[in-house]
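Take a look at the structure below.
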Amino acid sequence: MALPIRTFDAVVVGAGGAGLRAALQLAEAGLRVAVLSKVFPTRSHTVAAQGGIGAALGNMGEDSWLWHMYDTVKGSDWLGDQDAIEYVCREAPRVVIELEHFGMPFDRNDDGTVYQRPFGGHMQNMGAGPAVQRSCCAADRTGHALLHTLYQRNVRANTQFFVEWMALDLVRDASGQVLGVTALEMETGEVYVLHARATLFATGGAGRIFASTTNAFINTGDGLGMAARAGIPLEDMEFWQFHPTGVAGAGVLITEGVRGEGGMLLNSTGERFMERYAPNAKDLASRDVVSRAMATEIKEGRGCGPNRDYVLLKLDHLGPEVIEKRLPGIREIAKKFANVDPVRDPIPVVPTVHYMMGGIPTNYRGEVVAPRGGDPNAVVPGFYAAGECGCASVHGANRLGTNSLTDLVVIGKAAGDSVIRFLAENPGRKDLPADAAEPTLARLARLDGQKNGESVHAVAEELRRTMQAHCGVFRFPDLLAEGVRRVRELVQRVARTEVKDKSRVFNTARVEALELDNLIEVARATMVSAEARKESRGAHDRADCHDRPGFPNGRDDANWLKHTLWYHDGDRLDYKPVNLKPLTAESIAPKARTY
């Protein structure tokens, strides 16, 4: 059965911050661009970003993009590529001012400049301190403001949106060039081939592989699943950031901006315990450090509540005026999800899966790269990725707060420029391969024909429980090995899932089954990569890799200062070197990481 074909200059999959910024670049260049999104663009997960976008504007005191770069390299535990980090930090002030000119409603200082708040891990003087105010924010709804601003600009540029469409598989020809995607129109159940001269993935994260996450239900790693099935490796998938402050029992995000405004973490004795773990940065140490400190307090019996399974985030001392002006959304969340009013009472919080540092390998121009002919960073023609689904690698082993929105806009814009350049250099349109639709048709036929299969919901829940139990804040060698075994068993179960409702129109059960195909790829990549990395670095903390002389905090630069590449076929692992050479600045040499 042949599928209907629609042709475009470029297809952008995902309409969050990165997808919208890239699409704007393409639409304003006069290209015919299609933007696919499972939800209406302003419902994309970027809307949930709260605390701000990092840029060294220097509005609140001295700052420099070099200091921002140093903090990002240090935050990444030296696994970040320094060319990409320099590019993002150097471009950050420019893109923030551009957003301001687009009409983004940033908070203001009395002199009219953009207000900036402190954030974890952001310091002056190449990490020496004191803390710097670098996070440009719109109260505690920065992602919301960013998404609406970019969507309005896209409407102005006549970008073509395909809302409630789900991309299913990547189309590649024999040479490896990407020629578009197959996609499902949810409303009708019809499947199409979207034939494009360039394809850009901005599909966001995949936090839904874990039971407790700040991620939306749509964050199912679709771009990663599609790339992996098409033979493209996934990079550094062992590194998942646990945000220190998710609402206990609900997982809803409480921005780091609360601590940036002066909020503090307390244990059951009322102690401000971060002073013991990070005497200089305290509550504003980087996220992996704060998460581990919180987990340690809970593990050692100093947690709060009847089960002693959370700590408290105190902000009543800031006063109602500051809370209402700077953190109105947080007050609303605390009332709704924790049943407390932070003007009077502290918020119960626990570390919660928040951000995927790994993803589809790219360079800082947003071009997807994969090893070929001895080159570990050979460009995959016609394929681009930006935002959380891409791994440039700006964030390395641990992302600094505010850098996700910076990454979205800087790499999103750069990827758009790369597409424009590629299309100018390659004016023709390559023909689709004869088997372009076969992988998609085979997947759909299996779902439609499966009898006496397993429940999609039951298998997905088991996957989330497995990831939560075996790949958490602290990782143990026996649990990781058992986790690999369980995830491989789940691969077999995913292949036997059944959708009982065979209808076509808005069949959400079918969509969830197709999403599970992507979740299992991300889970495999994560568990196999984590079990193989025999060190602690950033968000990957192995219990068996501490207290070894010569290894700061369990990190092993001699053997493990390298990026992991996981391949779908056979769970094969490969590695490539970290780029320690910036574009123009001096290299920042690895050293022990303390706050």
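By convention in this document, the chains of the structure tokens carry letters A, B, ... by their order, each chain's residues are numbered from 1, and ligands are numbered from 1 in the order they are shown.
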| said: Among segment 187-419 of chain A, which ones does DSSP assign to strand (DSSP E) (computed from the backbone)? Answer as an MDAnalysis selection string. | reply: chainID A and resid 190:201 234:235 240:247 264:266 311:314 347:356 360:361 367:372 375:385 390:391
| query | Using the chain letters and numbers from this document, which residues of segment 374-429 of chain A does DSSP assign to helix (DSSP H, G or I), as JSON, numbers by chain? | reply | {"A": [387, 388, 389, 403, 404, 405, 406, 407, 408, 409, 410, 411, 412, 413, 414, 415, 416, 417, 418, 419, 420, 421, 422, 423, 424, 425]}
| field | Selection near segment 472-474 of chain A, 9 Å with only C-alpha atoms, sequence-local residues under 6 positions removed, as number ranges by chain | value | A: 240-242, 288, 291-292, 295, 351-353, 539-543
With only C-alpha atoms counted and 10 Å as the cut-off, give the residues of segment 372-426 of chain A in contact with segment 554-578 of chain A, each with its shortest interatomic distance in Å and the pair that gives it, as a Markdown table.
```
| residue | atom | partner | partner_atom | distance |
| --- | --- | --- | --- | --- |
| A:Asp375 | CA | A:Lys576 | CA | 9.7 |
| A:Pro376 | CA | A:Lys576 | CA | 6.4 |
| A:Asn377 | CA | A:Lys576 | CA | 8.7 |
| A:Ser393 | CA | A:Val578 | CA | 8.9 |
| A:Gly396 | CA | A:His563 | CA | 8.6 |
| A:Ala397 | CA | A:His563 | CA | 9.6 |
```
Generate the output file for the selected residues, N, CA and C atoms, as a PDB file, in the first residue's frame.
```pdb
ATOM      1  N   ASP A 375      35.450   9.325  10.723  1.00  0.00           N
ATOM      2  CA  ASP A 375      35.129  10.644  11.277  1.00  0.00           C
ATOM      3  C   ASP A 375      33.981  10.472  12.279  1.00  0.00           C
ATOM      4  N   PRO A 376      34.252  10.713  13.599  1.00  0.00           N
ATOM      5  CA  PRO A 376      33.177  10.520  14.590  1.00  0.00           C
ATOM      6  C   PRO A 376      32.071  11.557  14.479  1.00  0.00           C
ATOM      7  N   ASN A 377      32.344  12.664  13.756  1.00  0.00           N
ATOM      8  CA  ASN A 377      31.367  13.747  13.665  1.00  0.00           C
ATOM      9  C   ASN A 377      30.996  14.066  12.224  1.00  0.00           C
ATOM     10  N   SER A 393      27.289  18.911  22.470  1.00  0.00           N
ATOM     11  CA  SER A 393      26.753  18.693  23.767  1.00  0.00           C
ATOM     12  C   SER A 393      27.060  19.927  24.619  1.00  0.00           C
ATOM     13  N   GLY A 396      26.640  18.494  28.633  1.00  0.00           N
ATOM     14  CA  GLY A 396      27.526  17.453  29.135  1.00  0.00           C
ATOM     15  C   GLY A 396      26.826  16.498  30.081  1.00  0.00           C
ATOM     16  N   ALA A 397      27.386  16.356  31.290  1.00  0.00           N
ATOM     17  CA  ALA A 397      26.844  15.411  32.266  1.00  0.00           C
ATOM     18  C   ALA A 397      25.830  16.046  33.202  1.00  0.00           C
TER      19      ALA A 397
END
```
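Between Ser37 of chain A and the candidates A:Asp77, A:Asp111, A:Glu190, A:Asp222, the tightest atom-to-atom separation, counting only C-alpha atoms, involves A:Asp222.
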